[in-house]
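Dropping final.txt in here (compact mmCIF, C-alpha atoms):
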# COMPACT_ATOMS: atom_id res chain seq x y z
CA MET A 13 -62.51 11.32 -19.93
CA ASN A 14 -64.58 9.07 -17.65
CA LYS A 15 -63.58 7.73 -14.23
CA GLN A 16 -62.74 4.27 -15.55
CA THR A 17 -60.28 5.68 -18.11
CA LEU A 18 -58.71 7.94 -15.48
CA PHE A 19 -58.26 4.98 -13.13
CA ARG A 20 -56.54 2.92 -15.84
CA LEU A 21 -54.23 5.84 -16.69
CA TYR A 22 -53.41 6.39 -13.04
CA SER A 23 -52.68 2.69 -12.54
CA SER A 24 -50.37 2.64 -15.57
CA LEU A 25 -48.43 5.64 -14.25
CA ILE A 26 -47.93 3.93 -10.88
CA VAL A 27 -46.62 0.76 -12.55
CA LEU A 28 -44.29 2.86 -14.74
CA PHE A 29 -43.02 4.76 -11.68
CA PHE A 30 -42.12 1.61 -9.80
CA PHE A 31 -40.51 0.07 -12.88
CA VAL A 32 -38.29 3.13 -13.44
CA SER A 33 -37.46 3.31 -9.73
CA GLY A 34 -36.56 -0.36 -9.71
CA CYS A 35 -34.28 0.06 -12.71
CA SER A 36 -32.64 3.03 -11.07
CA ASN A 37 -32.03 1.07 -7.88
CA MET A 38 -30.61 -1.84 -9.84
CA ASP A 39 -28.19 0.47 -11.62
CA THR A 40 -27.09 1.94 -8.31
CA LYS A 41 -26.55 -1.49 -6.82
CA THR A 42 -24.61 -2.57 -9.89
CA ASN A 43 -22.28 0.39 -9.55
CA ILE A 44 -21.75 -0.22 -5.86
CA SER A 45 -21.21 -3.97 -6.02
CA GLN A 46 -17.76 -4.05 -7.57
CA PRO A 47 -16.06 -7.45 -7.74
CA LYS A 48 -13.99 -7.76 -4.59
CA MET A 49 -10.27 -8.54 -4.49
CA ASP A 50 -8.19 -10.01 -1.72
CA LEU A 51 -5.43 -7.77 -0.34
CA LEU A 52 -2.92 -10.22 -1.80
CA VAL A 53 -3.56 -11.66 -5.26
CA SER A 54 -1.75 -14.48 -7.04
CA THR A 55 -0.18 -14.47 -10.48
CA GLU A 56 -2.95 -16.87 -11.55
CA TRP A 57 -5.62 -14.41 -10.44
CA LEU A 58 -3.96 -11.50 -12.22
CA SER A 59 -3.56 -13.52 -15.42
CA GLU A 60 -7.30 -14.27 -15.39
CA HIS A 61 -8.37 -10.67 -14.66
CA ILE A 62 -5.69 -8.58 -16.37
CA ASN A 63 -8.09 -7.42 -19.09
CA ASP A 64 -10.93 -6.47 -16.72
CA PRO A 65 -11.96 -2.93 -17.74
CA ASP A 66 -11.87 -1.57 -14.18
CA LEU A 67 -8.49 -3.13 -13.27
CA VAL A 68 -5.34 -0.97 -13.22
CA VAL A 69 -1.97 -2.68 -12.77
CA LEU A 70 0.91 -0.56 -11.48
CA ASP A 71 4.64 -1.32 -11.45
CA SER A 72 6.21 0.56 -8.52
CA THR A 73 9.78 -0.75 -8.83
CA VAL A 74 12.69 1.17 -7.32
CA ILE A 75 16.26 -0.01 -7.96
CA VAL A 76 18.62 -0.17 -4.96
CA LYS A 77 22.34 0.14 -5.65
CA MET A 78 25.26 -0.59 -3.32
CA ASP A 79 28.74 0.82 -3.94
CA GLU A 80 31.71 2.22 -2.03
CA ASN A 81 29.65 5.28 -1.15
CA GLY A 82 26.88 3.22 0.45
CA MET A 83 23.35 2.54 -0.67
CA SER A 84 21.39 4.59 -3.17
CA ASN A 85 18.13 4.11 -4.99
CA ILE A 86 16.89 5.20 -8.39
CA SER A 87 13.63 5.07 -10.31
CA GLY A 88 12.76 1.68 -11.75
CA LYS A 89 11.48 3.19 -15.02
CA ALA A 90 14.39 1.74 -17.03
CA ARG A 91 13.63 -1.72 -15.62
CA TYR A 92 9.96 -1.23 -16.55
CA ASP A 93 10.94 -0.29 -20.11
CA GLU A 94 13.00 -3.50 -20.40
CA GLY A 95 9.95 -5.62 -19.67
CA HIS A 96 6.82 -5.57 -17.55
CA ILE A 97 3.49 -7.34 -17.11
CA PRO A 98 1.25 -6.47 -20.10
CA ASN A 99 -1.08 -3.46 -19.64
CA THR A 100 0.97 -2.26 -16.67
CA ARG A 101 1.58 1.42 -15.98
CA PHE A 102 4.70 2.68 -14.23
CA ALA A 103 4.15 4.43 -10.88
CA ASP A 104 7.30 6.38 -10.05
CA LEU A 105 7.92 6.40 -6.30
CA LYS A 106 11.06 8.44 -6.94
CA GLY A 107 9.24 10.89 -9.18
CA ALA A 108 5.71 12.23 -9.05
CA LEU A 109 4.75 10.03 -6.07
CA SER A 110 7.26 11.67 -3.71
CA SER A 111 7.79 15.20 -2.48
CA HIS A 112 10.96 16.84 -3.75
CA ASN A 113 10.85 19.79 -1.37
CA ASN A 114 12.77 17.91 1.30
CA SER A 115 16.28 16.55 1.76
CA LEU A 116 14.92 13.21 2.99
CA ASP A 117 14.09 10.26 0.76
CA PHE A 118 10.55 9.13 -0.08
CA VAL A 119 8.79 11.99 1.67
CA MET A 120 5.03 11.81 1.20
CA PRO A 121 3.72 14.13 -1.52
CA THR A 122 0.88 16.49 -0.75
CA PRO A 123 -2.53 14.85 -1.09
CA GLU A 124 -3.26 16.99 -4.14
CA GLN A 125 0.03 15.99 -5.81
CA PHE A 126 -0.67 12.33 -5.13
CA ALA A 127 -4.24 12.51 -6.46
CA LYS A 128 -3.01 14.21 -9.64
CA ALA A 129 -0.23 11.64 -10.15
CA ILE A 130 -2.43 8.57 -9.75
CA GLY A 131 -5.18 10.20 -11.80
CA GLU A 132 -2.69 10.55 -14.64
CA LEU A 133 -2.06 6.81 -14.30
CA GLY A 134 -5.74 6.24 -15.01
CA VAL A 135 -6.72 5.40 -11.44
CA SER A 136 -10.21 6.58 -10.47
CA ASN A 137 -12.27 6.05 -7.34
CA THR A 138 -14.00 3.07 -8.96
CA SER A 139 -10.79 1.38 -10.09
CA ARG A 140 -9.46 -1.86 -8.73
CA VAL A 141 -5.67 -1.63 -8.53
CA VAL A 142 -3.00 -4.31 -8.34
CA VAL A 143 0.51 -3.14 -7.43
CA TYR A 144 3.72 -5.08 -7.96
CA SER A 145 7.45 -4.47 -7.96
CA ALA A 146 10.58 -6.29 -9.06
CA ASP A 147 12.99 -7.84 -6.54
CA ASN A 148 11.55 -6.38 -3.35
CA HIS A 149 7.89 -6.42 -2.28
CA VAL A 150 8.17 -3.32 -0.06
CA TRP A 151 7.97 -0.94 -3.03
CA ALA A 152 4.59 -2.46 -3.84
CA THR A 153 3.37 -2.27 -0.24
CA ARG A 154 4.53 1.35 -0.04
CA LEU A 155 2.27 2.32 -2.95
CA TRP A 156 -0.49 0.04 -1.61
CA TRP A 157 -0.40 1.96 1.70
CA MET A 158 -0.38 5.34 -0.02
CA LEU A 159 -3.42 4.43 -2.15
CA ARG A 160 -5.32 3.37 0.95
CA TRP A 161 -4.29 6.63 2.67
CA ALA A 162 -5.77 8.51 -0.30
CA GLY A 163 -9.05 6.64 0.14
CA LEU A 164 -8.92 3.76 -2.36
CA GLU A 165 -10.12 0.49 -0.83
CA GLN A 166 -9.93 -1.83 -3.83
CA VAL A 167 -6.14 -2.19 -3.99
CA ALA A 168 -4.04 -5.35 -3.77
CA VAL A 169 -0.41 -6.48 -3.91
CA LEU A 170 0.74 -9.12 -6.39
CA ASP A 171 2.25 -12.00 -4.43
CA GLY A 172 5.80 -12.63 -5.61
CA GLY A 173 5.78 -9.59 -7.84
CA LEU A 174 7.42 -9.49 -11.26
CA ASN A 175 9.87 -12.27 -10.42
CA ALA A 176 7.08 -14.76 -9.74
CA TRP A 177 5.31 -13.74 -12.97
CA LYS A 178 8.49 -14.28 -15.01
CA ALA A 179 9.36 -17.55 -13.26
CA GLU A 180 6.06 -19.01 -14.44
CA GLY A 181 6.77 -18.09 -18.05
CA ARG A 182 3.94 -15.58 -18.26
CA PRO A 183 3.99 -12.91 -21.00
CA ILE A 184 6.18 -9.83 -20.71
CA SER A 185 5.70 -6.62 -22.66
CA THR A 186 7.96 -3.71 -23.54
CA GLU A 187 5.10 -1.55 -24.79
CA ALA A 188 3.99 1.44 -22.76
CA SER A 189 0.41 1.38 -21.51
CA ASN A 190 -2.08 3.19 -23.70
CA HIS A 191 -4.53 4.58 -21.17
CA GLN A 192 -6.62 7.65 -20.53
CA PRO A 193 -6.07 9.78 -17.42
CA SER A 194 -8.78 9.82 -14.78
CA VAL A 195 -9.91 12.08 -11.97
CA PHE A 196 -9.27 10.77 -8.48
CA LYS A 197 -11.16 12.42 -5.62
CA LEU A 198 -9.39 12.25 -2.26
CA ALA A 199 -11.02 10.63 0.76
CA LEU A 200 -8.02 10.88 3.05
CA ARG A 201 -7.44 8.51 5.96
CA PRO A 202 -4.89 10.47 8.02
CA GLU A 203 -4.93 7.83 10.75
CA LEU A 204 -2.84 5.57 8.50
CA ILE A 205 0.19 7.85 8.91
CA ALA A 206 1.95 8.62 12.19
CA ASP A 207 4.17 11.63 12.78
CA ARG A 208 7.14 12.16 15.07
CA LYS A 209 5.04 13.45 17.99
CA GLU A 210 2.71 10.46 17.95
CA VAL A 211 5.67 8.08 17.98
CA PHE A 212 7.32 10.02 20.82
CA ASP A 213 4.13 9.86 22.88
CA ALA A 214 3.67 6.17 22.08
CA ILE A 215 6.90 5.25 23.87
CA SER A 216 5.19 5.82 27.21
CA ASN A 217 1.78 4.53 26.15
CA ASP A 218 1.16 0.84 26.88
CA LYS A 219 -1.84 0.87 24.53
CA VAL A 220 0.27 1.66 21.46
CA ASN A 221 2.67 -0.88 19.99
CA ILE A 222 5.73 0.26 18.02
CA ILE A 223 7.26 -2.11 15.47
CA ASP A 224 10.71 -1.79 13.88
CA ALA A 225 10.71 -3.40 10.41
CA LEU A 226 14.49 -3.25 9.88
CA PRO A 227 16.88 -6.24 10.07
CA PRO A 228 17.90 -7.51 13.54
CA ALA A 229 21.45 -6.13 13.17
CA SER A 230 20.02 -2.64 12.76
CA TYR A 231 17.50 -3.12 15.56
CA ASN A 232 20.25 -4.32 17.93
CA GLY A 233 22.59 -1.47 17.01
CA LYS A 234 25.26 -3.71 15.45
CA PHE A 235 24.78 -2.01 12.10
CA SER A 236 23.35 1.39 11.27
CA MET A 237 22.74 3.48 8.17
CA TYR A 238 21.29 6.37 10.13
CA ALA A 239 22.56 9.06 12.50
CA ARG A 240 22.46 6.82 15.59
CA PRO A 241 22.35 3.04 16.01
CA GLY A 242 19.58 1.06 17.62
CA HIS A 243 15.82 1.37 17.74
CA ILE A 244 13.06 3.49 19.24
CA PRO A 245 12.47 2.47 22.88
CA THR A 246 9.69 -0.12 23.47
CA ALA A 247 9.72 -1.13 19.77
CA THR A 248 9.63 -4.80 18.89
CA ASN A 249 11.45 -6.14 15.83
CA MET A 250 9.51 -7.46 12.83
CA PRO A 251 12.00 -7.62 9.92
CA THR A 252 10.21 -7.53 6.59
CA SER A 253 12.59 -10.20 5.28
CA ASP A 254 11.00 -12.63 7.76
CA LEU A 255 7.60 -12.15 6.14
CA ILE A 256 8.65 -13.69 2.82
CA ASN A 257 9.39 -17.32 1.98
CA GLU A 258 12.19 -18.70 -0.21
CA SER A 259 10.12 -18.24 -3.38
CA GLY A 260 9.72 -14.51 -2.73
CA ARG A 261 6.06 -14.82 -1.79
CA PHE A 262 4.45 -13.88 1.50
CA LYS A 263 4.37 -16.60 4.11
CA SER A 264 0.97 -18.08 4.95
CA LEU A 265 -1.29 -16.20 7.33
CA GLU A 266 -1.11 -19.13 9.73
CA GLU A 267 2.68 -18.94 9.90
CA LEU A 268 2.70 -15.15 10.18
CA ASP A 269 0.00 -15.19 12.86
CA MET A 270 2.14 -17.40 15.11
CA ARG A 271 4.71 -14.59 15.32
CA GLN A 272 2.30 -11.81 16.26
CA GLU A 273 0.89 -11.13 19.68
CA GLY A 274 -1.22 -8.26 20.90
CA GLU A 275 -4.75 -6.98 20.85
CA ARG A 276 -6.02 -6.55 17.30
CA ASN A 277 -7.87 -3.35 18.18
CA GLU A 278 -4.90 -1.54 19.73
CA ARG A 279 -2.94 1.10 17.86
CA VAL A 280 0.19 -0.16 16.07
CA ILE A 281 2.87 2.06 14.51
CA THR A 282 5.47 0.58 12.18
CA TYR A 283 8.69 2.27 11.14
CA CYS A 284 11.95 1.52 9.33
CA GLY A 285 14.55 3.77 7.76
CA GLY A 286 12.47 5.81 5.33
CA GLY A 287 8.87 4.60 5.59
CA VAL A 288 9.15 1.90 2.92
CA ALA A 289 9.95 -1.43 4.64
CA ALA A 290 7.55 -0.37 7.39
CA THR A 291 4.68 -0.66 4.92
CA GLY A 292 5.53 -4.34 4.41
CA ALA A 293 5.02 -4.96 8.11
CA ALA A 294 1.86 -2.82 8.09
CA PHE A 295 0.52 -4.78 5.12
CA VAL A 296 0.95 -8.10 6.94
CA LEU A 297 -0.55 -6.75 10.16
CA HIS A 298 -3.55 -5.50 8.22
CA ARG A 299 -4.02 -8.92 6.64
CA LEU A 300 -3.81 -10.50 10.09
CA GLY A 301 -6.72 -8.41 11.30
CA PHE A 302 -5.02 -5.57 13.17
CA LYS A 303 -7.53 -2.76 12.77
CA ASP A 304 -5.56 0.38 13.71
CA VAL A 305 -2.18 0.33 11.97
CA ALA A 306 -0.17 3.39 11.02
CA VAL A 307 3.19 3.89 9.33
CA TYR A 308 5.70 6.43 10.64
CA MET A 309 6.71 7.74 7.25
CA GLY A 310 9.60 9.84 8.57
CA SER A 311 11.10 6.78 10.31
CA LEU A 312 14.77 6.74 11.39
CA GLN A 313 15.93 9.15 8.69
CA GLU A 314 13.85 11.77 10.50
CA TRP A 315 14.04 10.37 14.04
CA ALA A 316 17.72 9.49 14.52
CA PRO A 317 19.37 12.89 13.78
CA ASN A 318 17.37 14.63 16.53
CA PRO A 319 19.04 14.03 19.95
CA GLU A 320 15.72 14.76 21.66
CA ASN A 321 14.34 11.54 20.20
CA PRO A 322 15.44 8.61 22.37
CA MET A 323 17.06 5.50 20.92
CA THR A 324 18.33 2.32 22.52
CA THR A 325 20.33 -0.75 21.63
CA GLU A 326 19.07 -2.73 24.60
CA VAL A 327 16.72 -5.64 24.07
CA ASN A 328 14.79 -6.76 27.10
CA THR A 329 11.96 -9.18 27.74
CA GLN A 330 9.34 -6.48 27.09
CA GLU A 331 10.82 -5.75 23.66
Written as structure tokens, how would this file's structure read?
Amino acid sequence: MNKQTLFRLYSSLIVLFFFVSGCSNMDTKTNISQPKMDLLVSTEWLSEHINDPDLVVLDSTVIVKMDENGMSNISGKARYDEGHIPNTRFADLKGALSSHNNSLDFVMPTPEQFAKAIGELGVSNTSRVVVYSADNHVWATRLWWMLRWAGLEQVAVLDGGLNAWKAEGRPISTEASNHQPSVFKLALRPELIADRKEVFDAISNDKVNIIDALPPASYNGKFSMYARPGHIPTATNMPTSDLINESGRFKSLEELDMRQEGERNERVITYCGGGVAATGAAFVLHRLGFKDVAVYMGSLQEWAPNPENPMTTEVNTQE
């Protein structure tokens, strides 16, 4: 083989190398550049994208009942079976998505339990997920927060939930989702969850803001479902009911922003009764650009029974 032939062969190999490398890079970029979703998606958006192969839609409904014995909550699976958005899978916040080794309600499952449960729902690390609930948006924001805690970034809440979908005459299905389970690998973000000690320390820390997401009557101590009335000292009140308009959708960011003060980079901890409504406040704060928001998952069901944890019914100008 002469030099000229060797040169041509060598040149061809170089061209082939760069072509293969380029294809490889393009594949990598394609995998990385998933279509982006907003944190809050409309019924119109979901209707257009519901058949996207990477989109998983989850119904996280929990039913709240009031009777002479007080308030109780049960799994929304029966409501799901009666009718849900097509292709939706039921995510049971009262079942596999909660720990049952505790007397308290809605205790966070172990990371491994959570990863297994959402993997069985067909959620993988490359999935885009839309969460909705019937009647009350906080069940959707609770699962939204948990998915982000587990490390999934591409997750959104359906604005208005199932009620908005039905009100617009969109299709409803009674068929169970036919999906394959996936493997979800945890990339935990522990900073999204606050514990009792962090909340206790935050009371005396001017750089940490505590937000009570319960109704004003609870915050002011005029009504209580927990061991003691009132709120955690220094907490401000941000009732989740104030975040929703008459149609059941979230108020505009402009309207919500007018109600919120504070440095967007400071730590914020939200709480409620059992770490559910607090996620609604956390969801809105996140959308408003607050960068360091955590939810106290134990909330008043853990805090109030312990007399070492201070509570107050006083509201002053700093609160």
### Query
Could you pull the residues within 8 Å of A:Met309, counting all atoms listed in the file, minus those fewer than 5 positions along the same chain, as a PyMOL selection string?
chain A and resi 119-120+205-207+283+286-288
### Query
Please, what distance in Å, to one decimal, runs between atom CA of A:Arg140 and atom CA of A:Ser72?
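Separation of atom CA of A:Arg140 and atom CA of A:Ser72: 15.9 Å.
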### Message
List as a PyMOL selection string the residues having at least one atom at most 9 Å from position (-7.8, 8.8, -12.2) as given in the file, counting all atoms listed in the file.
### Response
chain A and resi 127-137+139+192-197
Take the selection from the previous step and output its residues with C-alpha atoms, as a PDB file, keeping the file's coordinate frame.
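Just written: result-v8.pdb:
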ATOM      1  CA  ALA A 127      -4.240  12.510  -6.460  1.00  0.00           C
ATOM      2  CA  LYS A 128      -3.010  14.210  -9.640  1.00  0.00           C
ATOM      3  CA  ALA A 129      -0.230  11.640 -10.150  1.00  0.00           C
ATOM      4  CA  ILE A 130      -2.430   8.570  -9.750  1.00  0.00           C
ATOM      5  CA  GLY A 131      -5.180  10.200 -11.800  1.00  0.00           C
ATOM      6  CA  GLU A 132      -2.690  10.550 -14.640  1.00  0.00           C
ATOM      7  CA  LEU A 133      -2.060   6.810 -14.300  1.00  0.00           C
ATOM      8  CA  GLY A 134      -5.740   6.240 -15.010  1.00  0.00           C
ATOM      9  CA  VAL A 135      -6.720   5.400 -11.440  1.00  0.00           C
ATOM     10  CA  SER A 136     -10.210   6.580 -10.470  1.00  0.00           C
ATOM     11  CA  ASN A 137     -12.270   6.050  -7.340  1.00  0.00           C
ATOM     12  CA  SER A 139     -10.790   1.380 -10.090  1.00  0.00           C
ATOM     13  CA  GLN A 192      -6.620   7.650 -20.530  1.00  0.00           C
ATOM     14  CA  PRO A 193      -6.070   9.780 -17.420  1.00  0.00           C
ATOM     15  CA  SER A 194      -8.780   9.820 -14.780  1.00  0.00           C
ATOM     16  CA  VAL A 195      -9.910  12.080 -11.970  1.00  0.00           C
ATOM     17  CA  PHE A 196      -9.270  10.770  -8.480  1.00  0.00           C
ATOM     18  CA  LYS A 197     -11.160  12.420  -5.620  1.00  0.00           C
TER      19      LYS A 197
END
With 12 Å as the threshold, what does the neighbourhood of (5.6, 15.5, 0.8) contain in terms of residues, counting only C-alpha atoms? Coordinates are those of the file; answer as a PDB file with C-alpha atoms, in the coordinates of the input.
ATOM      1  CA  LEU A 105       7.920   6.400  -6.300  1.00  0.00           C
ATOM      2  CA  LYS A 106      11.060   8.440  -6.940  1.00  0.00           C
ATOM      3  CA  GLY A 107       9.240  10.890  -9.180  1.00  0.00           C
ATOM      4  CA  ALA A 108       5.710  12.230  -9.050  1.00  0.00           C
ATOM      5  CA  LEU A 109       4.750  10.030  -6.070  1.00  0.00           C
ATOM      6  CA  SER A 110       7.260  11.670  -3.710  1.00  0.00           C
ATOM      7  CA  SER A 111       7.790  15.200  -2.480  1.00  0.00           C
ATOM      8  CA  HIS A 112      10.960  16.840  -3.750  1.00  0.00           C
ATOM      9  CA  ASN A 113      10.850  19.790  -1.370  1.00  0.00           C
ATOM     10  CA  ASN A 114      12.770  17.910   1.300  1.00  0.00           C
ATOM     11  CA  SER A 115      16.280  16.550   1.760  1.00  0.00           C
ATOM     12  CA  LEU A 116      14.920  13.210   2.990  1.00  0.00           C
ATOM     13  CA  ASP A 117      14.090  10.260   0.760  1.00  0.00           C
ATOM     14  CA  PHE A 118      10.550   9.130  -0.080  1.00  0.00           C
ATOM     15  CA  VAL A 119       8.790  11.990   1.670  1.00  0.00           C
ATOM     16  CA  MET A 120       5.030  11.810   1.200  1.00  0.00           C
ATOM     17  CA  PRO A 121       3.720  14.130  -1.520  1.00  0.00           C
ATOM     18  CA  THR A 122       0.880  16.490  -0.750  1.00  0.00           C
ATOM     19  CA  PRO A 123      -2.530  14.850  -1.090  1.00  0.00           C
ATOM     20  CA  GLU A 124      -3.260  16.990  -4.140  1.00  0.00           C
ATOM     21  CA  GLN A 125       0.030  15.990  -5.810  1.00  0.00           C
ATOM     22  CA  PHE A 126      -0.670  12.330  -5.130  1.00  0.00           C
ATOM     23  CA  MET A 158      -0.380   5.340  -0.020  1.00  0.00           C
ATOM     24  CA  MET A 309       6.710   7.740   7.250  1.00  0.00           C
ATOM     25  CA  GLY A 310       9.600   9.840   8.570  1.00  0.00           C
TER      26      GLY A 310
END
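Between atom CA of A:Cys284 and atom CA of A:Lys178 there is a distance of 29.2 Å.
With distances restricted to only C-alpha atoms, A:Gly285 is the closest residue to A:Tyr308 from A:Pro227, A:Pro322, A:Gly285, A:Pro183.
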Closest contacts (stretch 128-208 of chain A/stretch 47-51 of chain A, max 12 Å, only C-alpha atoms) as a tab-separated table:
residue	atom	partner	partner_atom	distance
A:Thr138	CA	A:Pro47	CA	10.8
A:Ser139	CA	A:Pro47	CA	10.5
A:Arg140	CA	A:Met49	CA	8.0
A:Val141	CA	A:Met49	CA	9.2
A:Val142	CA	A:Leu51	CA	9.0
A:Val143	CA	A:Leu51	CA	10.3
A:Ala152	CA	A:Leu51	CA	11.9
A:Thr153	CA	A:Leu51	CA	10.4
A:Trp156	CA	A:Leu51	CA	9.3
A:Trp157	CA	A:Leu51	CA	11.1
A:Arg160	CA	A:Leu51	CA	11.2
A:Glu165	CA	A:Leu51	CA	9.5
A:Gln166	CA	A:Met49	CA	6.8
A:Val167	CA	A:Leu51	CA	6.7
A:Ala168	CA	A:Leu51	CA	4.4
A:Val169	CA	A:Leu51	CA	6.3
A:Leu170	CA	A:Leu51	CA	8.7
A:Asp171	CA	A:Leu51	CA	9.7
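The neighbours of stretch 76-78 of chain A here are the residues that come within 10 Å of it, using all atoms listed in the file and leaving out any residue fewer than 6 positions away in the same chain; they are Ser84, Asn85, Ile86, Ser87, Gly88, Asp147 and Asn148 of chain A.
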Now that the selection is made, can you save its residues with C-alpha atoms as an mmCIF file, in the coordinates of the input?
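Okay, this is what ended up in part-v9.cif:
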data_model
loop_
_atom_site.group_PDB
_atom_site.id
_atom_site.type_symbol
_atom_site.label_atom_id
_atom_site.label_comp_id
_atom_site.auth_asym_id
_atom_site.auth_seq_id
_atom_site.Cartn_x
_atom_site.Cartn_y
_atom_site.Cartn_z
ATOM 1 C CA SER A 84 21.390 4.590 -3.170
ATOM 2 C CA ASN A 85 18.130 4.110 -4.990
ATOM 3 C CA ILE A 86 16.890 5.200 -8.390
ATOM 4 C CA SER A 87 13.630 5.070 -10.310
ATOM 5 C CA GLY A 88 12.760 1.680 -11.750
ATOM 6 C CA ASP A 147 12.990 -7.840 -6.540
ATOM 7 C CA ASN A 148 11.550 -6.380 -3.350
#
### Query
By how many Å are atom CA of A:Thr73 and atom CA of A:Ser145 apart?
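Going from atom CA of A:Thr73 over to atom CA of A:Ser145 covers 4.5 Å.
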### Which residue of A:Ile215, A:Ala176, A:Leu255, A:Ala229 approaches A:Val280 most closely, using all atoms listed in the file
A:Ile215
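When all atoms listed in the file are used to measure the gap to A:Asn221, the shortest distance among A:Leu265, A:Ala103, A:Met83, A:Met250 belongs to A:Met250.
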Just want the 12 Å neighbourhood of A:Asn249, counted on all atoms listed in the file, with same-chain residues fewer than 6 positions away dropped. Output as an mmCIF file with C-alpha atoms, keeping the file's coordinate frame.
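For reference, part.cif as written:
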data_model
loop_
_atom_site.group_PDB
_atom_site.id
_atom_site.type_symbol
_atom_site.label_atom_id
_atom_site.label_comp_id
_atom_site.auth_asym_id
_atom_site.auth_seq_id
_atom_site.Cartn_x
_atom_site.Cartn_y
_atom_site.Cartn_z
ATOM 1 C CA ASN A 221 2.670 -0.880 19.990
ATOM 2 C CA ILE A 222 5.730 0.260 18.020
ATOM 3 C CA ILE A 223 7.260 -2.110 15.470
ATOM 4 C CA ASP A 224 10.710 -1.790 13.880
ATOM 5 C CA ALA A 225 10.710 -3.400 10.410
ATOM 6 C CA LEU A 226 14.490 -3.250 9.880
ATOM 7 C CA PRO A 227 16.880 -6.240 10.070
ATOM 8 C CA PRO A 228 17.900 -7.510 13.540
ATOM 9 C CA ALA A 229 21.450 -6.130 13.170
ATOM 10 C CA SER A 230 20.020 -2.640 12.760
ATOM 11 C CA TYR A 231 17.500 -3.120 15.560
ATOM 12 C CA ASN A 232 20.250 -4.320 17.930
ATOM 13 C CA GLY A 242 19.580 1.060 17.620
ATOM 14 C CA HIS A 243 15.820 1.370 17.740
ATOM 15 C CA ARG A 271 4.710 -14.590 15.320
ATOM 16 C CA GLN A 272 2.300 -11.810 16.260
ATOM 17 C CA ILE A 281 2.870 2.060 14.510
ATOM 18 C CA THR A 282 5.470 0.580 12.180
ATOM 19 C CA TYR A 283 8.690 2.270 11.140
ATOM 20 C CA CYS A 284 11.950 1.520 9.330
ATOM 21 C CA ALA A 290 7.550 -0.370 7.390
ATOM 22 C CA ALA A 293 5.020 -4.960 8.110
ATOM 23 C CA THR A 325 20.330 -0.750 21.630
ATOM 24 C CA VAL A 327 16.720 -5.640 24.070
ATOM 25 C CA ASN A 328 14.790 -6.760 27.100
ATOM 26 C CA GLN A 330 9.340 -6.480 27.090
ATOM 27 C CA GLU A 331 10.820 -5.750 23.660
#
### Message
Neighbouring residues of A:Arg101 were defined as those with any atom within 8 Å, considering only C-alpha atoms; residues of the same chain fewer than 6 positions away were excluded. Please report them as a PyMOL selection string.
### Response
chain A and resi 68-71+133+188-189
